[in-house]
Number of protein chains: 2
Amino acid sequence: MAKKSLRLVPLGGLGEVGKNMMTVEYGSNILIIDTGIMFPENDMLGIDYIIPDFDYLLDKGDRVRGIVVTHGHEDHTGAIRHVLEEIQAPIYATPLTRGLLEVKLSRGGILKQADLKTIQAGDQVQVGPFAIEFFHVCHSVPDGVGLGITTPAGLIVHSGDYKFDHTPVDGWPTDFGKLAEFGARGILALLADSTNADEPGWTPSEAVIDPAFDQVFRQAPGRILIGSFASLISRMQQTANASTRHDRVMAFVGTSMVENSMIARKLGYLEVPQGLIVSLDQALEMPPSKVVLMCTGTQGEPSSILGRLSTGTNRRFGIQPGDTVVLSSHPIPGNEEMIHRTINSLFHQGAEVIYDAIAPVHVSGHASQEEMKMLLQLTKPEYLIPIHGELRHLKQHAALAREIGIPSDHIAVVENGTVIEFLDGDMKIGERVPGGYVFVDGSSVGDVGPRVLREREALARDGFVVVHLSLDCQTGTLQGEPEIVSKGFVFVRDAEELFEHARTLIREITSHKGGIDLKKRIQKELADYFYNEIKRRPMVFVFISETR
Amino acid sequence: MAKKSLRLVPLGGLGEVGKNMMTVEYGSNILIIDTGIMFPENDMLGIDYIIPDFDYLLDKGDRVRGIVVTHGHEDHTGAIRHVLEEIQAPIYATPLTRGLLEVKLSRGGILKQADLKTIQAGDQVQVGPFAIEFFHVCHSVPDGVGLGITTPAGLIVHSGDYKFDHTPVDGWPTDFGKLAEFGARGILALLADSTNADEPGWTPSEAVIDPAFDQVFRQAPGRILIGSFASLISRMQQTANASTRHDRVMAFVGTSMVENSMIARKLGYLEVPQGLIVSLDQALEMPPSKVVLMCTGTQGEPSSILGRLSTGTNRRFGIQPGDTVVLSSHPIPGNEEMIHRTINSLFHQGAEVIYDAIAPVHVSGHASQEEMKMLLQLTKPEYLIPIHGELRHLKQHAALAREIGIPSDHIAVVENGTVIEFLDGDMKIGERVPGGYVFVDGSSVGDVGPRVLREREALARDGFVVVHLSLDCQTGTLQGEPEIVSKGFVFVRDAEELFEHARTLIREITSHKGGIDLKKRIQKELADYFYNEIKRRPMVFVFISETR
């Protein structure tokens, strides 16, 4: 019988490699790591979010022994509902990650069906042939873990999303000792976070934010509005601490901010003195210099609290003179424009705005180059598989690894869908499993593909024109006036002349009998006419009725 | 008779303040500074470019004494054709800026009508009541100037786009002496570039690029492709110098790259040894290790050379193993996503890619905070008007100015359209002149406004559905099947059931006579049906023919 190989398969199309979902496979046993979503890029018009294509797993559902979720961010948890619809397997997560997953599963109405198992950093769990040791890592959401997976083929270490913060807010640094112990045991392959592979140095500790907040709190004459990610519990803690130090009360604003702070308090990840947290209504009644509001909306989302404050459309309160807004966050790539617009608009509304370019009010949750090298030195893996990054990040991670002595052929820079196989301690790049992006739009999963997106692109660029005309079915003569409707093409009130000529053109075309299909002729001639007149190419549709 | 005031009016809607166009006015005399375009943001669907709204000037054309163009970038030159269509006045520009304007005017077919006057840094020109002294500034296109404008109300200094580079490629630093001399004379108001107001320190000199290029050239095993802005003549010079040092020939690729390099060579701004520059065809015949190609496409534009190389769709040549691509550029805000995608795709095609995050292959053309303070110290203006930046940059520039002692009420942070008036040495914020963005789409200027953009947004999000049905005009009975066409809504092949139900719904609605307008009823019920079924809201249109 042929020897079995260990297979690692990152999934998720053109997204970051292995970020949202990947598998570890041995024989007929599959372990899934993470079930996250991607956010659409600016040109993926109308798409709500993207899930990894896991079609590859659909006929192997009975082999899936477990699902591990490394931490509570959307790009690792957001697709859980879609995965559970197809695959039944126990889900392993730390208490906070589990709490955040439960919210998601309740909304989807499938909490009861989910077999959730709480694990703690330090635990070891046997899942099929895989002995998984969970170890704590620091990241921008608490309670994250990395994984040491002892497989029949050797020990695989997965970093999760991590940074090496020596002074994290929760006082719980990454488990360096465990990493070194894995290294001593001998690691076949390290899968490590590459997000910040082009950032030199060492990512600053969360501790740098405290003095920056203190300065803001000392100088702010009125209310302080802190915008942050709703999952960034440590930033909630830092805001609570600063509020206490500066004798202000604090309210959470925005659904996800309120929900997550409640989970975090319930589970003991957010500790605040009695009386510090008040409701928004209470906060709005107090003197502005005594108030901190912690809000959603750091990415400039128009429907978020900060988004609505910036456009003056927030119902319960607006920006008032003396307000200081702190964006304690960093742009997710692609959102820069919206965020800059929001900052400008908040200034325009009269707020003082402080953001990461002008004060250290945010730090990254990912390791930079020196930490990535430190991880490699601690673990001394035989093979490195850079994950959690775009191709450019993986390439850079590989370059760092070569610098510290890992040979090129022991580093696998791959794209999602590529199978990496280990047999007898050797690594081989295997076949490519089919799969890519699956777009979720409205309540439909996967029906919007390149074709519909191309149509939306064309409509977004030049709109469309619909023509409706009636012909006498006997004589083929035009009856009445052609109706023309357009959207997204021209400002109709100014374009009467253009459409008048278009109608004349249609009359001319219909009066010449014969030749090719009348519909097509009108379509083509109108398209040409519009392009010649105003250099735009709307989609043109023609409906012809025949009357007796 | 009332005393006359000096008025400064930045134009350009929500764009950077005074960047693309502004006026200096005294009595019945108007001077225009710059005539540039803005690039559309990601959500300005289908827009080609944006020009400042200068409606305000249309009834004052006879008062315009001159147009000064400070340097040859699109955001200062690109609207020249539109301005000249409405306003006749002499245009003052340095030789290279004039050369770049001429290309633009020739394309528009109006070069002959333009009254172009060449000026040199150091020249003084009287334009109406304004004595303009041009002084040299370093920037990312050669031959840029700032302006000292002596007006009856006092001396106004305009920095243009500038940086304080002590070792620029052309050996021609910013004219510090002139700035100090203006300062000694006494400056009423300084208008200064704020682009990099949130960048601490001093912008690195262009000289730092030479060693970075040397390292790339030493290590590259095959061809080197340098991507840069076509106006960045100094980068062409640096590429030419590095090519000479490393014994490679060089070809320009892409229309604007070829055109601009020809103008720059003709006018003496680009000096290369005999035989260095070859045609693309010649370059492609030579050994890869002897070749440098300088290409367009640093912003990830799909139709540029690098854009096409990244997708494997460039006709004359493609990426080959051993190619090194250098992006000697920086993302224009909003383009980050496309650029990252291009970098990833170039890696995917097999190239080595070097960009500014991983090596100092680009520097900014704008002053950072310490240079901005230096400018203020050299000029010691009575008033500061931060220009050339978004509101957040102007606010930050103002904060820097306050740090070095300029009182808040001597700093005017304004938005475009706000009139700044000087009378008897005092500054006053005046009225707001109407105006905003003017969108250019195809060959039409200004017809696409918020309404058409909202339509395009809706179409981009969920597409549209058109229904066409025939009723018997006597009985009102449906004749035949309703026709349904949709685009950008669903993948039609998978949606047969959805449309079948929609047709049934239409049959039902038409069978119930009376009530409100049938068209509207169908429209509304179909919209509701689609939303309930798949949570999308396409635009729905209904055409009804009546047959006998």
# chains A, B, ... in the order shown; residues from 1 in each chain; ligands from 1
$ residues_around --residues "region 183-197 of chain B" --least-positions-apart "3" --cutoff "9 Å" --atoms "only C-alpha atoms" --output "number ranges by chain"
B: 16, 19, 153-162, 178-180, 200, 203, 364, 366-369, 372, 375-390, 392-397, 400, 422, 425
$ closest_atom_pairs --of "chain B" --to "chain A" --cutoff "7 Å" --atoms "only C-alpha atoms" --output "tab-separated table"
residue	atom	partner	partner_atom	distance
B:Asn42	CA	A:Asn42	CA	6.9
B:Leu45	CA	A:Ala460	CA	5.6
B:Gly46	CA	A:Arg461	CA	3.7
B:Asp198	CA	A:Ile358	CA	6.0
B:Pro333	CA	A:Glu337	CA	6.3
B:Gly334	CA	A:Glu337	CA	5.1
B:Glu336	CA	A:Gly334	CA	6.2
B:Glu337	CA	A:Gly334	CA	5.1
B:Ile343	CA	A:Arg392	CA	6.8
B:Asn344	CA	A:Leu391	CA	5.3
B:Ala357	CA	A:Asp198	CA	6.2
B:Ile358	CA	A:Asp198	CA	6.0
B:Glu390	CA	A:Asn344	CA	6.9
B:Leu391	CA	A:Asn344	CA	5.3
B:Arg392	CA	A:Asn344	CA	5.5
B:Gly442	CA	A:Lys535	CA	4.5
B:Ser443	CA	A:Ile534	CA	5.0
B:Ser444	CA	A:Ile534	CA	5.9
B:Asp447	CA	A:Phe491	CA	6.0
B:Val448	CA	A:Phe491	CA	6.2
B:Val452	CA	A:Gly488	CA	4.8
B:Leu453	CA	A:Gly488	CA	6.5
B:Glu455	CA	A:Gly488	CA	4.8
B:Arg456	CA	A:Gly488	CA	4.6
B:Glu457	CA	A:Ala460	CA	6.4
B:Leu459	CA	A:Leu459	CA	6.0
B:Ala460	CA	A:Arg456	CA	4.6
B:Arg461	CA	A:Gly46	CA	3.7
B:Asp462	CA	A:Gly46	CA	6.1
B:Gly463	CA	A:Arg456	CA	6.1
B:Lys487	CA	A:Glu455	CA	6.0
B:Gly488	CA	A:Arg456	CA	4.6
B:Phe489	CA	A:Val452	CA	6.8
B:Val490	CA	A:Val448	CA	6.3
B:Phe491	CA	A:Asp447	CA	6.0
B:Ile534	CA	A:Ser443	CA	5.0
B:Lys535	CA	A:Gly442	CA	4.5
B:Arg536	CA	A:Gly442	CA	5.5
B:Ser545	CA	A:Ser545	CA	6.4
B:Thr547	CA	A:Thr547	CA	5.0
B:Arg548	CA	A:Arg548	CA	5.6
$ write_last_selection --atoms "N, CA and C atoms" --output "CSV table (one decimal), in the first residue's frame"
chain,number,residue,atom,x,y,z
B,42,ASN,N,-13.1,56.5,-6.7
B,42,ASN,CA,-13.7,55.1,-7.1
B,42,ASN,C,-15.2,55.1,-7.3
B,45,LEU,N,-18.7,56.9,-10.8
B,45,LEU,CA,-18.7,55.8,-11.8
B,45,LEU,C,-18.8,56.4,-13.2
B,46,GLY,N,-17.9,55.9,-14.0
B,46,GLY,CA,-17.9,56.3,-15.5
B,46,GLY,C,-17.3,57.6,-15.8
B,198,ASP,N,1.0,65.9,6.8
B,198,ASP,CA,1.1,64.9,7.9
B,198,ASP,C,2.3,63.9,7.8
B,333,PRO,N,-3.7,58.4,-3.9
B,333,PRO,CA,-4.7,57.9,-3.0
B,333,PRO,C,-6.0,57.4,-3.8
B,334,GLY,N,-6.4,56.2,-3.5
B,334,GLY,CA,-7.6,55.6,-4.2
B,334,GLY,C,-7.2,54.5,-5.1
B,336,GLU,N,-4.6,52.4,-4.5
B,336,GLU,CA,-3.8,51.4,-3.7
B,336,GLU,C,-4.2,49.9,-4.2
B,337,GLU,N,-5.5,49.7,-4.2
B,337,GLU,CA,-6.0,48.3,-4.5
B,337,GLU,C,-5.6,47.9,-5.9
B,343,ILE,N,0.9,44.5,-8.7
B,343,ILE,CA,2.2,43.9,-8.2
B,343,ILE,C,2.0,42.4,-8.0
B,344,ASN,N,0.9,42.0,-7.4
B,344,ASN,CA,0.7,40.6,-7.3
B,344,ASN,C,0.7,39.8,-8.6
B,357,ALA,N,7.7,50.2,-1.0
B,357,ALA,CA,7.6,49.7,0.4
B,357,ALA,C,8.8,48.8,0.7
B,358,ILE,N,9.5,48.3,-0.3
B,358,ILE,CA,10.6,47.4,0.0
B,358,ILE,C,12.0,48.0,-0.4
B,390,GLU,N,-6.1,68.4,0.9
B,390,GLU,CA,-7.5,68.2,1.4
B,390,GLU,C,-7.6,68.9,2.8
B,391,LEU,N,-8.8,69.1,3.3
B,391,LEU,CA,-9.0,69.8,4.5
B,391,LEU,C,-8.1,69.3,5.6
B,392,ARG,N,-8.0,68.0,5.7
B,392,ARG,CA,-7.1,67.4,6.8
B,392,ARG,C,-5.7,67.9,6.7
B,442,GLY,N,-16.9,61.1,-21.5
B,442,GLY,CA,-16.9,61.0,-23.0
B,442,GLY,C,-16.5,62.4,-23.5
B,443,SER,N,-17.3,62.9,-24.4
B,443,SER,CA,-17.0,64.3,-24.9
B,443,SER,C,-17.9,65.3,-24.3
B,444,SER,N,-18.7,65.0,-23.3
B,444,SER,CA,-19.6,65.9,-22.7
B,444,SER,C,-19.0,66.5,-21.4
B,447,ASP,N,-22.6,67.4,-18.0
B,447,ASP,CA,-24.0,67.0,-18.0
B,447,ASP,C,-24.2,65.9,-17.0
B,448,VAL,N,-23.1,65.1,-16.6
B,448,VAL,CA,-23.3,64.1,-15.6
B,448,VAL,C,-23.2,64.7,-14.2
B,452,VAL,N,-27.4,61.4,-12.3
B,452,VAL,CA,-26.9,60.3,-13.2
B,452,VAL,C,-26.0,59.4,-12.4
B,453,LEU,N,-25.2,60.0,-11.6
B,453,LEU,CA,-24.2,59.1,-10.8
B,453,LEU,C,-25.0,58.2,-9.8
B,455,GLU,N,-28.0,57.0,-10.4
B,455,GLU,CA,-28.5,55.9,-11.3
B,455,GLU,C,-27.4,54.9,-11.6
B,456,ARG,N,-26.2,55.4,-11.9
B,456,ARG,CA,-25.1,54.4,-12.2
B,456,ARG,C,-24.8,53.6,-10.9
B,457,GLU,N,-24.9,54.2,-9.8
B,457,GLU,CA,-24.6,53.5,-8.5
B,457,GLU,C,-25.6,52.4,-8.3
B,459,LEU,N,-27.5,50.9,-10.6
B,459,LEU,CA,-27.3,49.9,-11.7
B,459,LEU,C,-26.1,49.0,-11.3
B,460,ALA,N,-25.0,49.7,-10.8
B,460,ALA,CA,-23.8,48.9,-10.4
B,460,ALA,C,-24.0,48.0,-9.3
B,461,ARG,N,-25.0,48.3,-8.4
B,461,ARG,CA,-25.2,47.5,-7.3
B,461,ARG,C,-26.1,46.3,-7.6
B,462,ASP,N,-27.2,46.5,-8.4
B,462,ASP,CA,-28.1,45.4,-8.6
B,462,ASP,C,-28.6,45.3,-10.0
B,463,GLY,N,-28.1,46.1,-11.0
B,463,GLY,CA,-28.5,45.9,-12.3
B,463,GLY,C,-30.0,46.4,-12.6
B,487,LYS,N,-29.9,42.8,-16.9
B,487,LYS,CA,-28.5,42.9,-17.0
B,487,LYS,C,-27.9,43.3,-15.6
B,488,GLY,N,-26.9,42.7,-15.2
B,488,GLY,CA,-26.2,43.1,-14.0
B,488,GLY,C,-27.0,42.7,-12.7
B,489,PHE,N,-28.0,41.8,-12.9
B,489,PHE,CA,-28.9,41.5,-11.8
B,489,PHE,C,-28.7,40.1,-11.3
B,490,VAL,N,-28.9,39.1,-12.2
B,490,VAL,CA,-28.6,37.7,-11.8
B,490,VAL,C,-27.9,37.1,-13.0
B,491,PHE,N,-27.4,35.9,-12.8
B,491,PHE,CA,-26.8,35.1,-13.9
B,491,PHE,C,-28.0,34.4,-14.5
B,534,ILE,N,-34.4,37.3,-3.4
B,534,ILE,CA,-33.0,37.3,-3.3
B,534,ILE,C,-32.3,38.5,-2.7
B,535,LYS,N,-33.1,39.4,-2.1
B,535,LYS,CA,-32.6,40.5,-1.4
B,535,LYS,C,-31.8,41.5,-2.3
B,536,ARG,N,-32.2,41.6,-3.5
B,536,ARG,CA,-31.6,42.6,-4.4
B,536,ARG,C,-32.7,43.6,-4.9
B,545,SER,N,-47.5,47.3,-24.7
B,545,SER,CA,-48.1,47.6,-26.0
B,545,SER,C,-49.5,47.2,-26.0
B,547,THR,N,-52.4,45.9,-28.4
B,547,THR,CA,-52.7,45.4,-29.8
B,547,THR,C,-54.2,45.2,-30.0
B,548,ARG,N,-54.5,45.3,-31.3
B,548,ARG,CA,-55.9,45.1,-31.6
B,548,ARG,C,-56.2,43.7,-32.0
$ residues_around --residues "Leu309 (chain A)" --least-positions-apart "3" --cutoff "9 Å" --atoms "only C-alpha atoms" --output "PyMOL selection string"
chain A and resi 304-306+312-315+317-319+342+345-346+349
$ write_last_selection --atoms "N, CA, C and O atoms" --output "mmCIF file, in the first residue's frame"
data_model
loop_
_atom_site.group_PDB
_atom_site.id
_atom_site.type_symbol
_atom_site.label_atom_id
_atom_site.label_comp_id
_atom_site.auth_asym_id
_atom_site.auth_seq_id
_atom_site.Cartn_x
_atom_site.Cartn_y
_atom_site.Cartn_z
ATOM 1 N N SER A 304 -22.142 53.666 9.021
ATOM 2 C CA SER A 304 -21.622 53.532 10.380
ATOM 3 C C SER A 304 -21.832 54.836 11.149
ATOM 4 O O SER A 304 -22.214 55.855 10.580
ATOM 5 N N ILE A 305 -21.590 54.791 12.457
ATOM 6 C CA ILE A 305 -21.777 55.996 13.276
ATOM 7 C C ILE A 305 -20.876 57.139 12.772
ATOM 8 O O ILE A 305 -21.369 58.237 12.481
ATOM 9 N N LEU A 306 -19.583 56.892 12.631
ATOM 10 C CA LEU A 306 -18.705 57.981 12.177
ATOM 11 C C LEU A 306 -19.063 58.433 10.767
ATOM 12 O O LEU A 306 -18.992 59.623 10.449
ATOM 13 N N GLY A 312 -23.454 64.431 8.705
ATOM 14 C CA GLY A 312 -24.523 65.123 9.436
ATOM 15 C C GLY A 312 -25.852 64.395 9.377
ATOM 16 O O GLY A 312 -26.908 65.005 9.453
ATOM 17 N N THR A 313 -25.816 63.055 9.232
ATOM 18 C CA THR A 313 -27.066 62.305 9.089
ATOM 19 C C THR A 313 -27.279 61.308 10.226
ATOM 20 O O THR A 313 -28.086 60.393 10.107
ATOM 21 N N ASN A 314 -26.539 61.466 11.324
ATOM 22 C CA ASN A 314 -26.768 60.576 12.460
ATOM 23 C C ASN A 314 -27.964 61.094 13.247
ATOM 24 O O ASN A 314 -28.068 62.280 13.529
ATOM 25 N N ARG A 315 -28.895 60.205 13.559
ATOM 26 C CA ARG A 315 -30.148 60.680 14.122
ATOM 27 C C ARG A 315 -30.029 61.158 15.562
ATOM 28 O O ARG A 315 -30.507 62.224 15.901
ATOM 29 N N PHE A 317 -27.467 61.998 17.637
ATOM 30 C CA PHE A 317 -26.620 63.149 17.964
ATOM 31 C C PHE A 317 -25.758 63.497 16.760
ATOM 32 O O PHE A 317 -25.616 62.687 15.840
ATOM 33 N N GLY A 318 -25.213 64.708 16.763
ATOM 34 C CA GLY A 318 -24.345 65.127 15.671
ATOM 35 C C GLY A 318 -23.046 65.662 16.245
ATOM 36 O O GLY A 318 -22.877 65.738 17.464
ATOM 37 N N ILE A 319 -22.119 66.003 15.348
ATOM 38 C CA ILE A 319 -20.867 66.636 15.787
ATOM 39 C C ILE A 319 -21.196 68.018 16.349
ATOM 40 O O ILE A 319 -22.005 68.740 15.778
ATOM 41 N N THR A 342 -14.083 60.838 4.935
ATOM 42 C CA THR A 342 -14.744 60.936 6.242
ATOM 43 C C THR A 342 -13.989 61.896 7.158
ATOM 44 O O THR A 342 -14.595 62.729 7.840
ATOM 45 N N SER A 345 -14.639 65.392 6.103
ATOM 46 C CA SER A 345 -16.010 65.808 6.414
ATOM 47 C C SER A 345 -16.189 66.045 7.906
ATOM 48 O O SER A 345 -16.944 66.933 8.308
ATOM 49 N N LEU A 346 -15.516 65.254 8.733
ATOM 50 C CA LEU A 346 -15.600 65.484 10.189
ATOM 51 C C LEU A 346 -14.973 66.836 10.534
ATOM 52 O O LEU A 346 -15.505 67.590 11.355
ATOM 53 N N GLN A 349 -17.410 69.399 9.613
ATOM 54 C CA GLN A 349 -18.506 69.501 10.593
ATOM 55 C C GLN A 349 -18.071 70.236 11.852
ATOM 56 O O GLN A 349 -18.886 70.488 12.739
#
$ select_by_dssp --residues "region 56-247 of chain A" --states "helix (DSSP H, G or I)" --output "PyMOL selection string"
chain A and resi 56-58+61-63+74-77+80-86+95-107+176-185+206-219+233-245
$ closest_residue --among "A:Ile91, A:Val433, A:Leu6, A:Leu518" --to "Gly66 (chain A)" --atoms "only C-alpha atoms"
A:Ile91
$ residues_around --residues "Ile332 (chain A)" --least-positions-apart "4" --cutoff "10 Å" --atoms "only C-alpha atoms" --output "list in words"
Phe39, Thr298, Gln299, Glu336 and Ile339 of chain A
$ select_by_dssp --residues "region 106-183 of chain A" --states "strand (DSSP E)" --output "VMD selection string"
chain A and resid 116 to 118 124 to 127 130 to 137 144 to 151 154 to 158
$ residues_around --residues "Ile263 (chain B)" --least-positions-apart "2" --cutoff "8 Å" --atoms "only C-alpha atoms" --output "mmCIF file with all heavy atoms, in the first residue's frame"
data_model
loop_
_atom_site.group_PDB
_atom_site.id
_atom_site.type_symbol
_atom_site.label_atom_id
_atom_site.label_comp_id
_atom_site.auth_asym_id
_atom_site.auth_seq_id
_atom_site.Cartn_x
_atom_site.Cartn_y
_atom_site.Cartn_z
ATOM 1 N N LEU B 96 9.576 73.923 -20.321
ATOM 2 C CA LEU B 96 9.079 72.544 -20.288
ATOM 3 C C LEU B 96 7.569 72.519 -20.069
ATOM 4 O O LEU B 96 6.855 71.746 -20.725
ATOM 5 C CB LEU B 96 9.782 71.738 -19.182
ATOM 6 C CG LEU B 96 9.309 70.282 -19.107
ATOM 7 C CD1 LEU B 96 9.676 69.505 -20.367
ATOM 8 C CD2 LEU B 96 9.872 69.578 -17.870
ATOM 9 N N GLY B 99 5.999 73.257 -23.243
ATOM 10 C CA GLY B 99 6.076 72.099 -24.138
ATOM 11 C C GLY B 99 4.953 71.101 -23.840
ATOM 12 O O GLY B 99 4.300 70.586 -24.745
ATOM 13 N N LEU B 100 4.736 70.843 -22.544
ATOM 14 C CA LEU B 100 3.702 69.874 -22.165
ATOM 15 C C LEU B 100 2.305 70.428 -22.443
ATOM 16 O O LEU B 100 1.397 69.689 -22.850
ATOM 17 C CB LEU B 100 3.868 69.492 -20.686
ATOM 18 C CG LEU B 100 5.192 68.750 -20.364
ATOM 19 C CD1 LEU B 100 5.448 68.669 -18.860
ATOM 20 C CD2 LEU B 100 5.218 67.355 -20.985
ATOM 21 N N GLU B 259 6.385 60.392 -25.828
ATOM 22 C CA GLU B 259 6.179 61.814 -26.156
ATOM 23 C C GLU B 259 6.940 62.731 -25.202
ATOM 24 O O GLU B 259 7.639 63.651 -25.620
ATOM 25 C CB GLU B 259 4.683 62.162 -26.063
ATOM 26 C CG GLU B 259 3.879 61.820 -27.292
ATOM 27 C CD GLU B 259 2.418 62.263 -27.145
ATOM 28 O OE1 GLU B 259 2.061 62.877 -26.106
ATOM 29 O OE2 GLU B 259 1.651 61.987 -28.072
ATOM 30 N N ASN B 260 6.771 62.488 -23.909
ATOM 31 C CA ASN B 260 7.389 63.376 -22.938
ATOM 32 C C ASN B 260 8.909 63.298 -22.971
ATOM 33 O O ASN B 260 9.595 64.308 -22.799
ATOM 34 C CB ASN B 260 6.889 63.072 -21.523
ATOM 35 C CG ASN B 260 5.466 63.556 -21.310
ATOM 36 O OD1 ASN B 260 4.846 64.083 -22.236
ATOM 37 N ND2 ASN B 260 4.949 63.386 -20.113
ATOM 38 N N SER B 261 9.444 62.095 -23.202
ATOM 39 C CA SER B 261 10.899 61.990 -23.259
ATOM 40 C C SER B 261 11.429 62.761 -24.466
ATOM 41 O O SER B 261 12.497 63.372 -24.403
ATOM 42 C CB SER B 261 11.340 60.530 -23.302
ATOM 43 O OG SER B 261 10.917 59.918 -24.505
ATOM 44 N N ARG B 265 13.978 65.840 -24.144
ATOM 45 C CA ARG B 265 15.287 65.830 -24.813
ATOM 46 C C ARG B 265 15.433 67.044 -25.709
ATOM 47 O O ARG B 265 16.481 67.700 -25.734
ATOM 48 C CB ARG B 265 15.459 64.555 -25.639
ATOM 49 C CG ARG B 265 15.712 63.331 -24.771
ATOM 50 C CD ARG B 265 15.846 62.086 -25.602
ATOM 51 N NE ARG B 265 17.135 62.032 -26.297
ATOM 52 C CZ ARG B 265 17.453 61.078 -27.161
ATOM 53 N NH1 ARG B 265 16.589 60.120 -27.445
ATOM 54 N NH2 ARG B 265 18.638 61.094 -27.758
ATOM 55 N N LYS B 266 14.366 67.368 -26.432
ATOM 56 C CA LYS B 266 14.418 68.497 -27.361
ATOM 57 C C LYS B 266 14.726 69.792 -26.609
ATOM 58 O O LYS B 266 15.499 70.633 -27.052
ATOM 59 C CB LYS B 266 13.063 68.621 -28.083
ATOM 60 C CG LYS B 266 13.099 69.493 -29.318
ATOM 61 C CD LYS B 266 11.746 69.537 -30.017
ATOM 62 C CE LYS B 266 10.878 70.642 -29.438
ATOM 63 N NZ LYS B 266 9.521 70.673 -30.004
ATOM 64 N N LEU B 267 14.108 69.953 -25.444
ATOM 65 C CA LEU B 267 14.258 71.188 -24.692
ATOM 66 C C LEU B 267 15.443 71.149 -23.727
ATOM 67 O O LEU B 267 15.671 72.087 -22.969
ATOM 68 C CB LEU B 267 12.973 71.494 -23.925
ATOM 69 C CG LEU B 267 11.710 71.705 -24.780
ATOM 70 C CD1 LEU B 267 10.488 71.885 -23.892
ATOM 71 C CD2 LEU B 267 11.876 72.926 -25.695
#
$ residues_around --residues "Phe229 (chain A)" --least-positions-apart "3" --cutoff "9 Å" --atoms "only C-alpha atoms" --output "MDAnalysis selection string"
chainID A and resid 232:233 235 257 295:299 328:329
$ residues_around --residues "Met22 (chain B)" --least-positions-apart "4" --cutoff "12 Å" --atoms "only C-alpha atoms" --output "MDAnalysis selection string"
chainID B and resid 7:13 16:18 30:36 52:54 56:57 67:70 76 158 160 191 387:388 415:420
$ closest_residue --among "A:Leu505, A:Val438, A:Cys473, A:Val258" --to "Ile51 (chain A)" --atoms "only C-alpha atoms"
A:Val438
$ atom_distance --atom1 "CA of Tyr92 (chain B)" --atom2 "CA of Cys138 (chain B)"
18.5 Å
$ atom_distance --atom1 "CA of Gln274 (chain B)" --atom2 "CA of Asn241 (chain B)"
12.4 Å
$ closest_residue --among "A:Tyr26, A:Tyr49, A:Phe213, A:Tyr529" --to "Lys4 (chain A)" --atoms "only C-alpha atoms"
A:Tyr26
$ closest_residue --among "A:Gly227, A:Gly275, A:Pro221, A:Pro204" --to "Glu370 (chain A)" --atoms "only C-alpha atoms"
A:Pro204
$ closest_residue --among "A:Ile506, A:Ile80, A:Ile224, A:Ala398" --to "Ala351 (chain A)" --atoms "only C-alpha atoms"
A:Ile224
$ atom_distance --atom1 "CA of Asp528 (chain B)" --atom2 "CA of Ser511 (chain B)"
18.8 Å
$ decode --residues "region 441-452 of chain B" --atoms "C-alpha atoms" --output "tab-separated table (two decimals), in the first residue's frame"
chain	number	residue	atom	x	y	z
B	441	ASP	CA	-17.57	61.91	-19.37
B	442	GLY	CA	-16.89	61.05	-22.97
B	443	SER	CA	-17.01	64.26	-24.94
B	444	SER	CA	-19.58	65.94	-22.70
B	445	VAL	CA	-18.64	68.40	-20.03
B	446	GLY	CA	-20.86	68.89	-17.02
B	447	ASP	CA	-24.00	66.96	-17.98
B	448	VAL	CA	-23.31	64.09	-15.60
B	449	GLY	CA	-24.25	65.19	-12.12
B	450	PRO	CA	-25.41	63.63	-8.85
B	451	ARG	CA	-28.59	62.27	-10.42
B	452	VAL	CA	-26.92	60.30	-13.21
